[in-house]
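K.L.:
Mind having a look at this structure? Questions to follow.
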Amino acid sequence: MAEFEHRVQCNDSHVLLTLAGQLSIEALPDLDSVLAETPTSKPWVIVDLAGVEFLGSPAIAALILLQRRTAATGGRVALVGARPQIARVLDLSGVQVVMTIAPTAAAVLTGPTQ
């Protein structure tokens, strides 16, 4: 399986899920497990993509499922910190229709949302 790293931090207002590495089809089983275990009961689940080097369409689909789970509890998902090539993939996929895209977690927590 392809390697990627993750870290989950929780506080009162949000969950911060930091992902790094290759989010390819090979990483999907592990990514699915991480996303399934990510708490979704906070107002925001913020996914930091700054360390992501590759984002395949199966990983985008998994993030959309995270959004659905989070929305079911009244929360929202934000994708932050994406490198230019990852931001382009996100833009082409249209995920900005269902998730907030922002440069930083602070921008999500303090500013207007998309």
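Letters A, B, ... go to the chains of the structure tokens in the order shown; residues in each chain start at 1; ligands are counted from 1 in the same order.
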For region 41-52 of chain A, work out the shell of residues within 9 Å, counting only C-alpha atoms and skipping chain neighbours fewer than 4 positions away, then give it as a short mmCIF file (atom, residue, chain, number, x, y, z; two decimals) with N, CA and C atoms, in the first residue's frame.

P.N.:
```cif
data_model
loop_
_atom_site.label_atom_id
_atom_site.label_comp_id
_atom_site.auth_asym_id
_atom_site.auth_seq_id
_atom_site.Cartn_x
_atom_site.Cartn_y
_atom_site.Cartn_z
N PHE A 4 0.89 7.19 3.29
CA PHE A 4 0.54 8.57 3.56
C PHE A 4 0.48 8.71 5.07
N GLU A 5 0.57 9.93 5.51
CA GLU A 5 0.55 10.19 6.94
C GLU A 5 -0.71 10.97 7.29
N CYS A 10 -8.55 17.38 17.88
CA CYS A 10 -9.92 17.85 18.15
C CYS A 10 -9.91 18.93 19.20
N ASN A 11 -10.81 19.91 19.03
CA ASN A 11 -11.10 20.86 20.09
C ASN A 11 -12.59 21.16 20.05
N ASP A 12 -13.05 22.17 20.77
CA ASP A 12 -14.50 22.43 20.87
C ASP A 12 -15.15 22.80 19.55
N SER A 13 -14.44 23.52 18.70
CA SER A 13 -15.08 24.05 17.48
C SER A 13 -14.79 23.25 16.22
N HIS A 14 -13.75 22.44 16.25
CA HIS A 14 -13.41 21.75 15.00
C HIS A 14 -12.51 20.53 15.22
N VAL A 15 -12.47 19.74 14.18
CA VAL A 15 -11.51 18.64 14.07
C VAL A 15 -10.54 19.04 12.97
N LEU A 16 -9.26 18.91 13.24
CA LEU A 16 -8.25 19.17 12.22
C LEU A 16 -7.63 17.83 11.83
N LEU A 17 -7.85 17.45 10.58
CA LEU A 17 -7.27 16.23 10.02
C LEU A 17 -6.18 16.65 9.05
N THR A 18 -4.96 16.34 9.38
CA THR A 18 -3.82 16.68 8.53
C THR A 18 -3.42 15.43 7.74
N LEU A 19 -3.40 15.57 6.42
CA LEU A 19 -3.01 14.49 5.53
C LEU A 19 -1.73 14.86 4.79
N ALA A 20 -0.90 13.87 4.51
CA ALA A 20 0.33 14.12 3.77
C ALA A 20 0.69 12.88 2.96
N GLY A 21 1.34 13.11 1.83
CA GLY A 21 1.81 12.01 1.00
C GLY A 21 0.97 11.82 -0.24
N GLN A 22 0.92 10.58 -0.70
CA GLN A 22 0.25 10.21 -1.94
C GLN A 22 -1.13 9.64 -1.62
N LEU A 23 -2.18 10.33 -2.00
CA LEU A 23 -3.55 9.83 -1.79
C LEU A 23 -4.04 9.21 -3.10
N LEU A 63 -13.38 11.93 0.41
CA LEU A 63 -13.59 13.21 1.10
C LEU A 63 -15.05 13.66 1.00
N LEU A 66 -16.92 11.87 3.56
CA LEU A 66 -16.69 12.53 4.85
C LEU A 66 -17.61 13.74 4.98
N GLN A 67 -17.75 14.51 3.92
CA GLN A 67 -18.64 15.67 3.94
C GLN A 67 -20.08 15.24 4.24
N THR A 70 -20.40 14.33 7.86
CA THR A 70 -20.31 15.52 8.69
C THR A 70 -21.59 16.35 8.59
N THR A 73 -24.51 15.40 10.78
CA THR A 73 -24.48 15.82 12.18
C THR A 73 -24.50 17.34 12.32
N GLY A 74 -24.76 18.04 11.20
CA GLY A 74 -24.86 19.50 11.23
C GLY A 74 -23.55 20.23 11.02
N GLY A 75 -22.49 19.52 10.66
CA GLY A 75 -21.20 20.16 10.46
C GLY A 75 -20.87 20.37 9.00
N ARG A 76 -19.68 20.92 8.80
CA ARG A 76 -19.18 21.19 7.44
C ARG A 76 -17.74 20.74 7.34
N VAL A 77 -17.30 20.47 6.11
CA VAL A 77 -15.92 20.10 5.83
C VAL A 77 -15.26 21.24 5.06
N ALA A 78 -14.05 21.55 5.45
CA ALA A 78 -13.23 22.52 4.71
C ALA A 78 -11.92 21.86 4.33
N LEU A 79 -11.50 22.11 3.11
CA LEU A 79 -10.20 21.64 2.62
C LEU A 79 -9.28 22.85 2.59
N VAL A 80 -8.13 22.74 3.25
CA VAL A 80 -7.25 23.90 3.37
C VAL A 80 -5.82 23.54 2.98
N GLY A 81 -5.06 24.58 2.62
CA GLY A 81 -3.63 24.45 2.43
C GLY A 81 -3.17 23.69 1.20
N ALA A 82 -4.06 23.46 0.25
CA ALA A 82 -3.68 22.65 -0.92
C ALA A 82 -2.60 23.34 -1.75
N ARG A 83 -1.63 22.57 -2.18
CA ARG A 83 -0.61 23.06 -3.12
C ARG A 83 -1.30 23.42 -4.44
N ILE A 86 -2.70 20.50 -6.46
CA ILE A 86 -3.82 19.85 -5.77
C ILE A 86 -5.05 20.76 -5.82
N THR A 104 -6.17 28.50 4.63
CA THR A 104 -5.73 28.05 5.96
C THR A 104 -6.92 27.69 6.83
N ALA A 105 -6.64 26.96 7.89
CA ALA A 105 -7.69 26.65 8.87
C ALA A 105 -8.18 27.93 9.54
N VAL A 108 -10.87 29.63 7.67
CA VAL A 108 -12.17 28.96 7.82
C VAL A 108 -12.83 29.36 9.12
N LEU A 109 -12.06 29.37 10.18
CA LEU A 109 -12.62 29.60 11.51
C LEU A 109 -12.93 31.05 11.82
#
```

K.L.:
I'd like to know which residues of chain A are strand (DSSP E or B) (by DSSP, run on the backbone); could you write them as a PyMOL selection string?

P.N.:
chain A and resi 4-10+14-23+44-55+76-80+100-102

K.L.:
Quick one: DSSP alpha helix (DSSP H) residues in chain A, as a PyMOL selection string?

P.N.:
chain A and resi 28-37+57-72+84-93+105-110

K.L.:
Using the selection just defined, write its residues with N, CA and C atoms as a CSV table (one decimal), in the first residue's frame.

P.N.:
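The resulting file, part04.csv, is shown below:
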```csv
chain,number,residue,atom,x,y,z
A,28,LEU,N,-6.2,4.1,-0.8
A,28,LEU,CA,-7.6,4.3,-0.5
A,28,LEU,C,-8.1,3.5,0.7
A,29,PRO,N,-7.7,2.2,0.9
A,29,PRO,CA,-8.2,1.4,2.0
A,29,PRO,C,-7.8,2.1,3.4
A,30,ASP,N,-6.6,2.5,3.5
A,30,ASP,CA,-6.1,3.2,4.7
A,30,ASP,C,-6.8,4.6,4.8
A,31,LEU,N,-6.9,5.3,3.7
A,31,LEU,CA,-7.6,6.6,3.8
A,31,LEU,C,-9.0,6.4,4.2
A,32,ASP,N,-9.7,5.5,3.7
A,32,ASP,CA,-11.1,5.2,4.1
A,32,ASP,C,-11.2,4.9,5.6
A,33,SER,N,-10.3,4.2,6.1
A,33,SER,CA,-10.3,3.9,7.5
A,33,SER,C,-10.1,5.1,8.4
A,34,VAL,N,-9.1,5.9,8.0
A,34,VAL,CA,-8.8,7.2,8.7
A,34,VAL,C,-10.1,8.1,8.7
A,35,LEU,N,-10.7,8.2,7.5
A,35,LEU,CA,-11.9,9.1,7.4
A,35,LEU,C,-13.0,8.6,8.2
A,36,ALA,N,-13.2,7.3,8.2
A,36,ALA,CA,-14.3,6.6,8.9
A,36,ALA,C,-14.2,6.9,10.4
A,37,GLU,N,-12.9,6.9,10.9
A,37,GLU,CA,-12.6,7.1,12.3
A,37,GLU,C,-12.6,8.6,12.7
A,57,SER,N,-8.8,10.7,-7.9
A,57,SER,CA,-10.3,10.8,-7.8
A,57,SER,C,-10.9,9.9,-6.7
A,58,PRO,N,-10.4,8.7,-6.5
A,58,PRO,CA,-11.0,7.9,-5.4
A,58,PRO,C,-10.8,8.6,-4.0
A,59,ALA,N,-9.7,9.3,-3.8
A,59,ALA,CA,-9.6,10.1,-2.5
A,59,ALA,C,-10.5,11.2,-2.5
A,60,ILE,N,-10.8,11.9,-3.6
A,60,ILE,CA,-11.8,13.0,-3.6
A,60,ILE,C,-13.2,12.4,-3.3
A,61,ALA,N,-13.5,11.3,-3.8
A,61,ALA,CA,-14.8,10.6,-3.5
A,61,ALA,C,-14.9,10.3,-2.0
A,62,ALA,N,-13.8,9.8,-1.4
A,62,ALA,CA,-13.7,9.5,0.0
A,62,ALA,C,-14.0,10.8,0.8
A,63,LEU,N,-13.4,11.9,0.4
A,63,LEU,CA,-13.6,13.2,1.1
A,63,LEU,C,-15.0,13.7,1.0
A,64,ILE,N,-15.7,13.4,-0.1
A,64,ILE,CA,-17.1,13.7,-0.3
A,64,ILE,C,-17.9,12.9,0.7
A,65,LEU,N,-17.6,11.6,0.9
A,65,LEU,CA,-18.3,10.8,1.8
A,65,LEU,C,-18.1,11.4,3.3
A,66,LEU,N,-16.9,11.9,3.6
A,66,LEU,CA,-16.7,12.5,4.8
A,66,LEU,C,-17.6,13.7,5.0
A,67,GLN,N,-17.8,14.5,3.9
A,67,GLN,CA,-18.6,15.7,3.9
A,67,GLN,C,-20.1,15.2,4.2
A,68,ARG,N,-20.5,14.2,3.6
A,68,ARG,CA,-21.9,13.7,3.8
A,68,ARG,C,-22.1,13.3,5.3
A,69,ARG,N,-21.1,12.5,5.9
A,69,ARG,CA,-21.2,12.1,7.3
A,69,ARG,C,-21.2,13.3,8.2
A,70,THR,N,-20.4,14.3,7.9
A,70,THR,CA,-20.3,15.5,8.7
A,70,THR,C,-21.6,16.3,8.6
A,71,ALA,N,-22.1,16.5,7.4
A,71,ALA,CA,-23.4,17.2,7.2
A,71,ALA,C,-24.5,16.6,7.9
A,72,ALA,N,-24.5,15.3,8.0
A,72,ALA,CA,-25.6,14.6,8.8
A,72,ALA,C,-25.6,14.9,10.2
A,84,PRO,N,-0.7,24.3,-5.3
A,84,PRO,CA,-1.3,24.7,-6.5
A,84,PRO,C,-1.8,23.5,-7.4
A,85,GLN,N,-1.1,22.5,-7.6
A,85,GLN,CA,-1.5,21.4,-8.4
A,85,GLN,C,-2.7,20.6,-7.8
A,86,ILE,N,-2.7,20.5,-6.5
A,86,ILE,CA,-3.8,19.9,-5.8
A,86,ILE,C,-5.0,20.8,-5.8
A,87,ALA,N,-4.8,22.1,-5.7
A,87,ALA,CA,-6.0,23.0,-5.7
A,87,ALA,C,-6.6,22.9,-7.1
A,88,ARG,N,-5.8,22.8,-8.1
A,88,ARG,CA,-6.3,22.7,-9.5
A,88,ARG,C,-7.2,21.4,-9.7
A,89,VAL,N,-6.7,20.3,-9.1
A,89,VAL,CA,-7.5,19.1,-9.2
A,89,VAL,C,-8.8,19.2,-8.4
A,90,LEU,N,-8.8,19.9,-7.3
A,90,LEU,CA,-10.0,20.1,-6.5
A,90,LEU,C,-11.0,21.0,-7.3
A,91,ASP,N,-10.4,22.0,-7.9
A,91,ASP,CA,-11.3,22.9,-8.7
A,91,ASP,C,-11.9,22.2,-9.9
A,92,LEU,N,-11.2,21.4,-10.6
A,92,LEU,CA,-11.7,20.6,-11.7
A,92,LEU,C,-12.7,19.6,-11.3
A,93,SER,N,-12.6,19.1,-10.1
A,93,SER,CA,-13.6,18.1,-9.6
A,93,SER,C,-14.9,18.7,-9.1
A,105,ALA,N,-6.6,27.0,7.9
A,105,ALA,CA,-7.7,26.7,8.9
A,105,ALA,C,-8.2,27.9,9.5
A,106,ALA,N,-7.3,28.9,9.8
A,106,ALA,CA,-7.6,30.1,10.5
A,106,ALA,C,-8.6,30.9,9.6
A,107,ALA,N,-8.5,30.8,8.3
A,107,ALA,CA,-9.4,31.5,7.4
A,107,ALA,C,-10.8,30.9,7.5
A,108,VAL,N,-10.9,29.6,7.7
A,108,VAL,CA,-12.2,29.0,7.8
A,108,VAL,C,-12.8,29.4,9.1
A,109,LEU,N,-12.1,29.4,10.2
A,109,LEU,CA,-12.6,29.6,11.5
A,109,LEU,C,-12.9,31.1,11.8
A,110,THR,N,-12.3,32.0,11.1
A,110,THR,CA,-12.5,33.4,11.4
A,110,THR,C,-13.2,34.2,10.3
```
